[in-house]
Each structure stands twice: as structure tokens, then as C-alpha cells.
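To be precise, the following lines are work_14.tsv, and they hold TSV, C-alpha atoms.
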chain	number	residue	atom	x	y	z
A	1	MET	CA	-6.07	-5.31	-17.80
A	2	LYS	CA	-9.16	-6.72	-19.48
A	3	LYS	CA	-9.23	-10.44	-18.62
A	4	ILE	CA	-7.45	-11.41	-15.40
A	5	LEU	CA	-6.47	-14.82	-14.00
A	6	ILE	CA	-5.64	-14.97	-10.28
A	7	THR	CA	-3.82	-17.91	-8.69
A	8	GLY	CA	-4.16	-18.50	-4.95
A	9	ALA	CA	-7.39	-16.51	-5.07
A	10	LEU	CA	-8.81	-17.97	-1.85
A	11	GLY	CA	-5.95	-16.72	0.31
A	12	GLN	CA	-5.89	-13.55	2.37
A	13	ILE	CA	-4.87	-11.23	-0.47
A	14	GLY	CA	-6.72	-13.15	-3.17
A	15	THR	CA	-10.10	-13.02	-1.46
A	16	ALA	CA	-10.07	-9.23	-1.19
A	17	LEU	CA	-8.40	-8.63	-4.55
A	18	THR	CA	-10.76	-10.89	-6.50
A	19	THR	CA	-13.79	-9.11	-5.04
A	20	ARG	CA	-12.40	-5.65	-5.86
A	21	LEU	CA	-11.30	-6.58	-9.40
A	22	ARG	CA	-14.73	-8.04	-10.16
A	23	GLU	CA	-16.31	-4.77	-9.03
A	24	LYS	CA	-13.95	-2.82	-11.29
A	25	TYR	CA	-13.68	-5.04	-14.40
A	26	GLY	CA	-16.81	-7.23	-14.18
A	27	ALA	CA	-17.30	-10.69	-12.69
A	28	ASP	CA	-16.89	-12.45	-16.04
A	29	ASN	CA	-13.47	-10.86	-16.58
A	30	VAL	CA	-11.80	-12.09	-13.37
A	31	ILE	CA	-11.08	-15.82	-13.13
A	32	ALA	CA	-10.28	-16.96	-9.59
A	33	THR	CA	-8.25	-20.15	-9.16
A	34	ASP	CA	-6.98	-22.16	-6.21
A	35	ILE	CA	-5.98	-25.69	-5.29
A	36	HIS	CA	-8.90	-25.87	-2.84
A	37	LYS	CA	-12.59	-25.12	-3.39
A	38	PRO	CA	-14.28	-24.54	-0.03
A	39	GLU	CA	-18.02	-24.24	0.46
A	40	ASN	CA	-19.59	-20.88	1.32
A	41	SER	CA	-16.86	-18.87	-0.39
A	42	THR	CA	-17.93	-15.57	-1.93
A	43	VAL	CA	-15.01	-15.85	-4.37
A	44	VAL	CA	-16.35	-19.18	-5.66
A	45	GLU	CA	-20.03	-18.22	-5.59
A	46	ASN	CA	-19.84	-14.73	-7.12
A	47	GLY	CA	-17.86	-15.31	-10.31
A	48	LEU	CA	-15.78	-17.67	-12.41
A	49	PHE	CA	-13.71	-20.19	-10.44
A	50	GLU	CA	-11.35	-22.91	-11.63
A	51	TYR	CA	-9.32	-25.53	-9.76
A	52	LEU	CA	-5.60	-25.01	-10.40
A	53	ASP	CA	-2.36	-26.57	-9.18
A	54	VAL	CA	0.32	-24.00	-10.06
A	55	THR	CA	3.05	-26.65	-10.06
A	56	ASN	CA	1.45	-27.84	-13.32
A	57	LEU	CA	2.50	-25.46	-16.10
A	58	THR	CA	0.16	-27.02	-18.66
A	59	ALA	CA	-2.81	-26.51	-16.35
A	60	ILE	CA	-2.04	-22.78	-16.03
A	61	GLU	CA	-1.63	-22.44	-19.77
A	62	ASP	CA	-4.89	-24.30	-20.47
A	63	LEU	CA	-6.83	-21.81	-18.33
A	64	VAL	CA	-5.10	-18.81	-19.91
A	65	LYS	CA	-6.13	-20.06	-23.36
A	66	LYS	CA	-9.62	-21.12	-22.26
A	67	HIS	CA	-10.46	-17.68	-20.84
A	68	GLU	CA	-8.35	-15.60	-23.27
A	69	VAL	CA	-6.49	-13.97	-20.40
A	70	ASP	CA	-4.27	-10.89	-20.83
A	71	SER	CA	-3.12	-10.44	-17.21
A	72	LEU	CA	-1.89	-12.95	-14.65
A	73	ILE	CA	-1.79	-12.21	-10.92
A	74	HIS	CA	0.16	-14.97	-9.21
A	75	LEU	CA	-0.53	-15.19	-5.45
A	76	ALA	CA	-0.17	-18.91	-4.74
A	77	ALA	CA	2.57	-19.46	-2.12
A	78	LEU	CA	3.36	-20.72	1.36
A	79	LEU	CA	3.70	-17.93	3.93
A	80	SER	CA	6.60	-17.33	6.31
A	81	ALA	CA	5.92	-19.51	9.36
A	82	VAL	CA	4.58	-22.42	7.29
A	83	ALA	CA	7.47	-22.13	4.86
A	84	GLU	CA	9.96	-22.32	7.71
A	85	ALA	CA	8.34	-25.52	8.94
A	86	LYS	CA	8.25	-27.01	5.42
A	87	PRO	CA	11.20	-25.50	3.54
A	88	GLN	CA	11.36	-28.03	0.69
A	89	LEU	CA	7.64	-27.69	-0.03
A	90	ALA	CA	8.01	-23.90	0.17
A	91	TRP	CA	10.73	-23.91	-2.48
A	92	GLU	CA	8.78	-26.28	-4.74
A	93	LEU	CA	5.58	-24.24	-4.52
A	94	ASN	CA	6.90	-20.68	-4.23
A	95	MET	CA	9.60	-21.00	-6.87
A	96	GLY	CA	8.26	-23.82	-9.04
A	97	GLY	CA	4.83	-22.21	-9.23
A	98	LEU	CA	6.34	-18.81	-9.99
A	99	MET	CA	8.55	-20.20	-12.74
A	100	ASN	CA	5.54	-21.88	-14.35
A	101	ALA	CA	3.45	-18.72	-14.14
A	102	LEU	CA	6.24	-16.60	-15.65
A	103	GLU	CA	6.70	-19.07	-18.49
A	104	VAL	CA	3.00	-18.89	-19.32
A	105	ALA	CA	3.19	-15.08	-19.15
A	106	ARG	CA	6.16	-15.17	-21.57
A	107	ILE	CA	4.50	-17.55	-24.03
A	108	HIS	CA	1.21	-15.63	-24.10
A	109	ASN	CA	2.54	-12.08	-23.63
A	110	LEU	CA	0.66	-11.45	-20.37
A	111	LYS	CA	0.99	-8.56	-17.96
A	112	PHE	CA	2.24	-10.16	-14.75
A	113	PHE	CA	2.11	-9.43	-11.00
A	114	THR	CA	3.35	-11.41	-8.03
A	115	PRO	CA	3.87	-10.09	-4.50
A	116	SER	CA	7.20	-9.96	-2.74
A	117	SER	CA	7.52	-9.18	0.95
A	118	ILE	CA	9.49	-7.42	3.65
A	119	GLY	CA	10.63	-10.99	4.31
A	120	ALA	CA	13.00	-10.47	1.37
A	121	PHE	CA	15.14	-8.38	3.71
A	122	GLY	CA	17.30	-9.86	6.46
A	123	PRO	CA	19.22	-9.14	9.68
A	124	GLN	CA	21.94	-7.17	7.87
A	125	THR	CA	19.46	-4.92	6.05
A	126	PRO	CA	19.16	-1.38	7.52
A	127	LYS	CA	16.30	-1.58	10.05
A	128	ASP	CA	14.86	1.93	9.92
A	129	GLN	CA	13.54	3.51	6.72
A	130	THR	CA	14.87	0.51	4.80
A	131	PRO	CA	15.86	1.76	1.31
A	132	GLN	CA	14.26	0.60	-1.92
A	133	VAL	CA	17.60	-0.81	-3.10
A	134	THR	CA	19.62	-2.34	-0.28
A	135	LEU	CA	21.28	-5.50	1.03
A	136	GLN	CA	18.92	-8.52	0.89
A	137	ARG	CA	20.26	-11.56	2.75
A	138	PRO	CA	17.20	-13.20	4.39
A	139	THR	CA	17.65	-16.06	6.85
A	140	THR	CA	14.30	-17.78	6.23
A	141	MET	CA	13.16	-20.02	3.38
A	142	TYR	CA	10.23	-17.67	2.77
A	143	GLY	CA	12.65	-14.75	2.44
A	144	VAL	CA	14.95	-16.74	0.16
A	145	THR	CA	12.04	-17.51	-2.18
A	146	LYS	CA	10.98	-13.87	-2.20
A	147	VAL	CA	14.45	-12.55	-3.11
A	148	SER	CA	14.75	-15.28	-5.73
A	149	GLY	CA	11.32	-14.36	-7.04
A	150	GLU	CA	12.26	-10.69	-7.39
A	151	LEU	CA	15.37	-11.66	-9.35
A	152	LEU	CA	13.49	-14.14	-11.50
A	153	CYS	CA	10.83	-11.55	-12.39
A	154	ASP	CA	13.60	-9.07	-13.28
A	155	TYR	CA	15.20	-11.74	-15.46
A	156	TYR	CA	11.96	-12.38	-17.37
A	157	TYR	CA	11.51	-8.63	-17.86
A	158	HIS	CA	15.04	-7.97	-19.14
A	159	LYS	CA	15.52	-11.24	-21.05
A	160	PHE	CA	12.08	-11.78	-22.56
A	161	GLY	CA	10.27	-8.45	-22.18
A	162	VAL	CA	7.58	-9.84	-19.87
A	163	ASP	CA	5.80	-6.92	-18.17
A	164	THR	CA	6.51	-8.07	-14.61
A	165	ARG	CA	5.52	-5.95	-11.60
A	166	SER	CA	5.68	-6.49	-7.84
A	167	VAL	CA	5.55	-4.89	-4.41
A	168	ARG	CA	7.18	-5.87	-1.13
A	169	PHE	CA	4.15	-6.21	1.10
A	170	PRO	CA	4.39	-5.66	4.84
A	171	GLY	CA	2.07	-7.48	7.23
A	172	LEU	CA	-1.46	-7.37	5.79
A	173	ILE	CA	-4.52	-7.00	7.99
A	174	SER	CA	-7.92	-8.17	6.73
A	175	TYR	CA	-11.38	-9.12	7.99
A	176	GLU	CA	-12.31	-11.06	4.83
A	177	ALA	CA	-10.13	-14.17	5.22
A	178	LEU	CA	-8.39	-15.78	8.15
A	179	PRO	CA	-4.59	-15.54	8.23
A	180	GLY	CA	-2.62	-18.36	6.66
A	181	GLY	CA	0.60	-18.86	8.61
A	182	GLY	CA	2.42	-15.54	8.48
A	183	THR	CA	4.64	-13.93	11.08
A	184	THR	CA	2.45	-10.80	11.16
A	185	ASP	CA	-0.76	-12.80	11.68
A	186	TYR	CA	-1.02	-11.58	15.29
A	187	ALA	CA	-2.15	-8.23	13.87
A	188	VAL	CA	-5.24	-9.96	12.44
A	189	ASP	CA	-5.89	-12.37	15.31
A	190	ILE	CA	-5.82	-9.57	17.86
A	191	TYR	CA	-9.03	-8.02	16.49
A	192	TYR	CA	-10.95	-11.31	16.48
A	193	GLU	CA	-9.90	-12.04	20.06
A	194	ALA	CA	-10.58	-8.48	21.21
A	195	LEU	CA	-14.23	-8.86	20.22
A	196	LYS	CA	-14.62	-12.43	21.53
A	197	LYS	CA	-12.57	-12.38	24.75
A	198	HIS	CA	-11.50	-8.77	25.33
A	199	ALA	CA	-7.99	-10.21	25.60
A	200	TYR	CA	-5.21	-11.47	23.37
A	201	THR	CA	-1.97	-13.36	23.92
A	202	SER	CA	0.61	-12.21	21.38
A	203	PHE	CA	3.18	-14.60	19.93
A	204	ILE	CA	5.29	-11.57	18.95
A	205	ASP	CA	7.16	-9.85	21.78
A	206	LYS	CA	6.48	-6.35	23.07
A	207	GLY	CA	8.36	-3.56	21.35
A	208	THR	CA	8.76	-5.52	18.11
A	209	TYR	CA	8.05	-3.05	15.30
A	210	MET	CA	7.01	-4.24	11.85
A	211	ASP	CA	5.42	-2.56	8.87
A	212	MET	CA	1.71	-3.19	8.34
A	213	MET	CA	-1.01	-2.29	5.85
A	214	TYR	CA	-4.79	-2.64	5.79
A	215	MET	CA	-6.01	-4.92	3.03
A	216	PRO	CA	-8.03	-2.26	1.12
A	217	ASP	CA	-4.80	-0.26	0.72
A	218	ALA	CA	-2.91	-3.38	-0.38
A	219	VAL	CA	-5.53	-4.20	-3.01
A	220	GLU	CA	-5.57	-0.65	-4.37
A	221	ALA	CA	-1.75	-0.72	-4.50
A	222	ILE	CA	-1.83	-3.79	-6.76
A	223	ILE	CA	-4.44	-2.25	-9.05
A	224	ARG	CA	-2.70	1.13	-9.21
A	225	LEU	CA	0.65	-0.49	-10.00
A	226	MET	CA	-0.84	-2.74	-12.69
A	227	GLU	CA	-2.57	0.22	-14.33
A	228	ALA	CA	0.52	2.45	-14.26
A	229	PRO	CA	2.19	3.17	-17.62
A	230	ALA	CA	5.14	0.83	-18.12
A	231	ASN	CA	7.53	3.66	-18.98
A	232	GLN	CA	7.05	5.21	-15.52
A	233	LEU	CA	8.37	2.16	-13.67
A	234	ILE	CA	12.00	1.87	-12.61
A	235	ASN	CA	11.91	-0.49	-9.60
A	236	ARG	CA	9.52	-3.06	-11.05
A	237	ASN	CA	10.47	-6.05	-8.89
A	238	ALA	CA	9.72	-4.98	-6.26
A	239	PHE	CA	8.49	-1.68	-4.78
A	240	ASN	CA	8.58	-1.03	-1.03
A	241	VAL	CA	5.04	-0.32	0.23
A	242	SER	CA	3.72	0.24	3.76
A	243	ALA	CA	1.15	2.25	5.67
A	244	MET	CA	2.34	2.07	9.29
A	245	SER	CA	5.15	0.81	11.51
A	246	VAL	CA	3.65	-0.69	14.67
A	247	CYS	CA	4.35	-3.00	17.62
A	248	PRO	CA	1.82	-5.11	19.58
A	249	GLU	CA	1.31	-2.42	22.23
A	250	ASP	CA	0.22	0.04	19.53
A	251	PHE	CA	-2.64	-2.29	18.59
A	252	GLU	CA	-3.56	-2.61	22.27
A	253	LYS	CA	-3.89	1.17	22.67
A	254	ALA	CA	-5.88	1.54	19.45
A	255	ILE	CA	-8.32	-1.25	20.42
A	256	GLN	CA	-8.76	0.10	23.96
A	257	LYS	CA	-10.32	3.24	22.47
A	258	HIS	CA	-13.21	0.97	21.42
A	259	ILE	CA	-12.99	-1.86	24.00
A	260	ALA	CA	-11.79	-0.21	27.21
A	261	ASP	CA	-11.10	-3.42	29.15
A	262	PHE	CA	-9.07	-5.07	26.38
A	263	LYS	CA	-5.84	-6.59	27.72
A	264	LEU	CA	-2.74	-7.75	25.88
A	265	SER	CA	-0.39	-10.42	27.20
A	266	PHE	CA	2.59	-12.21	25.67
A	267	GLU	CA	3.60	-15.81	25.02
A	268	VAL	CA	6.38	-15.47	22.47
A	269	ASP	CA	6.80	-18.01	19.69
A	270	PRO	CA	10.60	-18.25	19.21
A	271	VAL	CA	10.35	-19.16	15.52
A	272	ARG	CA	8.11	-16.29	14.51
A	273	GLN	CA	9.88	-13.87	16.84
A	274	THR	CA	13.21	-14.69	15.21
A	275	ILE	CA	11.66	-14.10	11.80
A	276	ALA	CA	10.17	-10.78	12.94
A	277	GLU	CA	13.50	-9.58	14.32
A	278	SER	CA	15.16	-10.23	10.97
A	279	TRP	CA	12.74	-7.84	9.23
A	280	PRO	CA	12.81	-4.02	9.10
A	281	ASN	CA	11.23	-1.77	11.71
A	282	SER	CA	10.10	0.60	8.96
A	283	ILE	CA	10.65	0.90	5.20
A	284	ASP	CA	11.06	3.79	2.76
A	285	THR	CA	8.20	3.91	0.22
A	286	THR	CA	9.45	6.91	-1.78
A	287	SER	CA	9.92	5.02	-5.07
A	288	ALA	CA	6.35	3.69	-5.07
A	289	ARG	CA	4.97	7.14	-4.26
A	290	GLU	CA	6.99	8.84	-7.00
A	291	GLU	CA	6.69	6.23	-9.78
A	292	TRP	CA	2.99	5.26	-9.53
A	293	ASN	CA	1.43	7.49	-6.87
A	294	PHE	CA	1.20	4.94	-4.08
A	295	SER	CA	-0.80	6.55	-1.29
A	296	PRO	CA	-2.33	4.45	1.52
A	297	GLU	CA	-5.47	5.85	3.15
A	298	TYR	CA	-5.71	3.89	6.41
A	299	SER	CA	-3.91	4.83	9.63
A	300	LEU	CA	-3.83	2.45	12.61
A	301	GLU	CA	-6.75	4.29	14.19
A	302	ARG	CA	-8.92	4.34	11.07
A	303	MET	CA	-8.11	0.70	10.32
A	304	THR	CA	-8.97	-0.36	13.89
A	305	THR	CA	-12.37	1.33	13.72
A	306	ASP	CA	-13.15	-0.33	10.39
A	307	MET	CA	-11.83	-3.78	11.39
A	308	LEU	CA	-13.94	-3.91	14.55
A	309	GLU	CA	-17.06	-2.69	12.72
A	310	LYS	CA	-16.63	-5.19	9.88
A	311	LEU	CA	-15.94	-8.12	12.22
A	312	LYS	CA	-19.05	-7.29	14.26
A	313	GLU	CA	-21.12	-7.31	11.06
A	314	LYS	CA	-19.47	-10.58	9.99
A	315	SER	CA	-20.31	-12.26	13.30
A	316	LYS	CA	-24.00	-11.39	12.86
A	317	ALA	CA	-24.21	-12.77	9.30

Using C-alpha cells, write down the structure from this file.
Amino acid sequence: MKKILITGALGQIGTALTTRLREKYGADNVIATDIHKPENSTVVENGLFEYLDVTNLTAIEDLVKKHEVDSLIHLAALLSAVAEAKPQLAWELNMGGLMNALEVARIHNLKFFTPSSIGAFGPQTPKDQTPQVTLQRPTTMYGVTKVSGELLCDYYYHKFGVDTRSVRFPGLISYEALPGGGTTDYAVDIYYEALKKHAYTSFIDKGTYMDMMYMPDAVEAIIRLMEAPANQLINRNAFNVSAMSVCPEDFEKAIQKHIADFKLSFEVDPVRQTIAESWPNSIDTTSAREEWNFSPEYSLERMTTDMLEKLKEKSKA
């Protein structure tokens, strides 16, 4: 990767990824794009930024040509809970935007990445140590778009030779951007509320295990995969990745080591709980480890220490 265009760069993944890629490749070589341009955004202020509606293929292509891009990282999408509330919009954005991005990658011979998700699995998928290749019959619109996206990326690789790559992200935890409507968002909210109120009411029920990953590990996974030699990759679209399998009570115990009086209570959201129960408890990441040396660094305990420290610093800024 030498010149990188990122769609959806102001989202949770995009904020962290843009910052890291600019550190690695230089601010002038990473073009952040989004459909919104908020004030006081480090992504907007610290490098190149362009407005972009990914449902407009010509607009994507114009920016690729303008900046002489060689790699396209496509992050623009509606997340799980929002997608379930607005299924038609989710299909139009998640699939229409992806199709446009892939077409531009085909026309201009770009290296291409887009994230999939554990949402691509479903109730009939094996729950524990979910295999890399397994039954994928999701029951949410978000999941349907992710399975479709995996297949579409495979199609563009086999049919047109587009160098497509992807991972199935678990819940991602970050201090850099607020969550944007995902089922695993409680795992971000809980840290904010722990510092502010020493209490949190979880919308996910007790004992509900889901895979999670700290954002620095997620960002490094994208970079490591994109830099991996093409001939090493077998399961391009998409690799299982995860760092930990946790339930709400695990976060409570980890936070209590730093905030002793922290209390967790529950007020379950039926929609998000149903989505969570359709996802795996834990997934097998062997293929990612063997094919491109995926190796997360953050445990729940180390992540909790870092999250609380970073959020304290953020509150003082």
C-alpha cells in the first residue's frame, strides 16, 4: 500500500485506522472520506479529507483518480442494530456501496479491504470455536449483507482478479470514537459509565458470551492482512479474528479491579439480545494465525487498564 483511500473514515474503525495508517505511511498518503464532516475531528484536521457518498460510483472513482490511489479500504456501512431498524437502507448502503467500491477497485486495479463480522454467522452455526468455514445463515439484515459481501468479494477475486481481503470482526472496543449502533456497543459504553457513574445498565443479558477485540489489535490486523503476500492467503473473504470471548459480568469484574464500587445491572433490549444470541460464543482464529500471523496483544485485563486510562485523559482534554 502506498496511497490509501478510506471510506467511512469517521466511524469507530475508521477513526483509529486512519490515524495509524497516517503514522505508518504519511498523512499525505491516506485520504479519509465520509458522508459527514464534523467539527473538531482529528481525522479531518490532521490529514487529507474528502466528502464521499459511497452510493455514487462516479464520486468514488473521481477521488481514486484525483489522489492516484492504489488501495481502497471500504468501511462505510450501517451496523447491526441500526440495520435491523432500517433494513432497506442497510441493503442499499451496505451492498450498493460495496458493489460500487469493488467496481472501482476492478477498474483501477486496487488492493481492496472491507470488514465482515461475526454477524455473518447465525443460530445454526456452531456456537463454540466456530470454524473458519461453516454454515452461515444469519437472521438479521446486517448479517445478510455481511455474508453477501463475503461472497461478492470472492466473486470479484475469482472473476476479475481483484485483490480482495477481509476479516470477520467481533465486537470492537475503542476510546477514540463513540459506538455507532452495534449489538456489542455495551462493551464500549460500560467503560464510559464506569468512570462517570460507577454503574452501568447492560442491554445485553448476563451470561451472554460474544467475541471481542480491542481496537489497536483490530487496526493492526487490517494492516498485517493487507501487507501479507497474496500467495499466502487461502481464506481471503473473510478470516475469523478475535482476542477474547466475554460476557457482561467479565467486564464488571475487570473494571472492579480499578473502580471497586462499580456495579452492573441489566435492562435487556430484546432486539439486540436476539441478535447476540444468534452469534457465536467463541470463534476459531487458526486460519488467520497460520496464513498471516494474526496475533492480538490485548487481554481483557490489559484492555481494561488502557481503556480507563485513555478515557480519563480524554475527559481532561

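Separating CA of Leu63 (chain A) from CA of Glu50 (chain A) is a distance of 8.2 Å.
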
Within 6 Å of Val268 (chain A) using only C-alpha atoms, minus same-chain residues under 5 positions, as a PyMOL selection string:
chain A and resi 203-205

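Here CA of Glu252 (chain A) and CA of Leu79 (chain A) stand 25.0 Å from one another.
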
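Nearest to Thr58 (chain A) of all the residues A:Ala254, A:Val162, A:Ala9, A:Ala101 is A:Ala101, counting all atoms listed in the file.
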
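Nearest to Arg106 (chain A) of all the residues A:Asn240, A:Ser71, A:Gln232, A:Gln124 is A:Ser71, based on all atoms listed in the file.
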
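The two atoms in question, CA of Tyr186 (chain A) and CA of Met215 (chain A), are spaced 14.8 Å apart.
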
Considering all atoms listed in the file, return as a PyMOL selection string whatever protein or nucleic-acid residues lie within 10 Å of Ser278 (chain A), sequence-local ones (same chain, fewer than 3 positions apart) excluded.
chain A and resi 118-125+127+137-140+143+272-275+281

Would you mind listing what lies within 12 Å of Thr33 (chain A) as number ranges by chain, with only C-alpha atoms counted and same-chain residues fewer than 4 positions away left out?
A: 4-11, 14-15, 18, 37-38, 43-44, 47-54, 59-60, 63-64, 72-76

So that I can see what lies close to Tyr192 (chain A), please list as a PDB file with C-alpha atoms, in the coordinates of the input the residues with an atom at most 12 Å from it, counting all atoms listed in the file and leaving out residues fewer than 6 positions away in the same chain.
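Contents of selection32.pdb, as written:
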ATOM      1  CA  ILE A 173      -4.520  -7.000   7.990  1.00  0.00           C
ATOM      2  CA  SER A 174      -7.920  -8.170   6.730  1.00  0.00           C
ATOM      3  CA  TYR A 175     -11.380  -9.120   7.990  1.00  0.00           C
ATOM      4  CA  GLU A 176     -12.310 -11.060   4.830  1.00  0.00           C
ATOM      5  CA  ALA A 177     -10.130 -14.170   5.220  1.00  0.00           C
ATOM      6  CA  LEU A 178      -8.390 -15.780   8.150  1.00  0.00           C
ATOM      7  CA  PRO A 179      -4.590 -15.540   8.230  1.00  0.00           C
ATOM      8  CA  ASP A 185      -0.760 -12.800  11.680  1.00  0.00           C
ATOM      9  CA  TYR A 186      -1.020 -11.580  15.290  1.00  0.00           C
ATOM     10  CA  HIS A 198     -11.500  -8.770  25.330  1.00  0.00           C
ATOM     11  CA  ALA A 199      -7.990 -10.210  25.600  1.00  0.00           C
ATOM     12  CA  TYR A 200      -5.210 -11.470  23.370  1.00  0.00           C
ATOM     13  CA  THR A 201      -1.970 -13.360  23.920  1.00  0.00           C
ATOM     14  CA  ILE A 255      -8.320  -1.250  20.420  1.00  0.00           C
ATOM     15  CA  PHE A 262      -9.070  -5.070  26.380  1.00  0.00           C
ATOM     16  CA  THR A 304      -8.970  -0.360  13.890  1.00  0.00           C
ATOM     17  CA  MET A 307     -11.830  -3.780  11.390  1.00  0.00           C
ATOM     18  CA  LEU A 308     -13.940  -3.910  14.550  1.00  0.00           C
ATOM     19  CA  GLU A 309     -17.060  -2.690  12.720  1.00  0.00           C
ATOM     20  CA  LYS A 310     -16.630  -5.190   9.880  1.00  0.00           C
ATOM     21  CA  LEU A 311     -15.940  -8.120  12.220  1.00  0.00           C
ATOM     22  CA  LYS A 312     -19.050  -7.290  14.260  1.00  0.00           C
ATOM     23  CA  LYS A 314     -19.470 -10.580   9.990  1.00  0.00           C
ATOM     24  CA  SER A 315     -20.310 -12.260  13.300  1.00  0.00           C
TER      25      SER A 315
END

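Of the listed residues (A:Gln136, A:Thr145, A:Thr305, A:Asn109), A:Gln136 comes nearest to Pro280 (chain A); the distances count all atoms listed in the file.
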
Top pick for closest residue to Asn94 (chain A), considering A:Met210, A:Ala243, A:Val147, A:Ile259 and counting all atoms listed in the file
A:Val147

Can you tell me, as a list of chain:residue names, what residues are no more than 10 Å from Thr286 (chain A) when counting all atoms listed in the file, ignoring any on the same chain fewer than 2 positions away?
A:Pro131, A:Gln132, A:Phe239, A:Asn240, A:Val241, A:Ile283, A:Asp284, A:Ala288, A:Arg289, A:Glu290, A:Glu291, A:Asn293, A:Phe294

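Proximity of A:Thr183, A:Ser295, A:Asn56, A:Thr285 to Ala83 (chain A), computed with all atoms listed in the file, is greatest for A:Thr183.
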
Return the single residue from A:Leu17, A:Cys247, A:Ala194, A:Leu225 that is closest to Ala32 (chain A), with distances computed using all atoms listed in the file.
A:Leu17
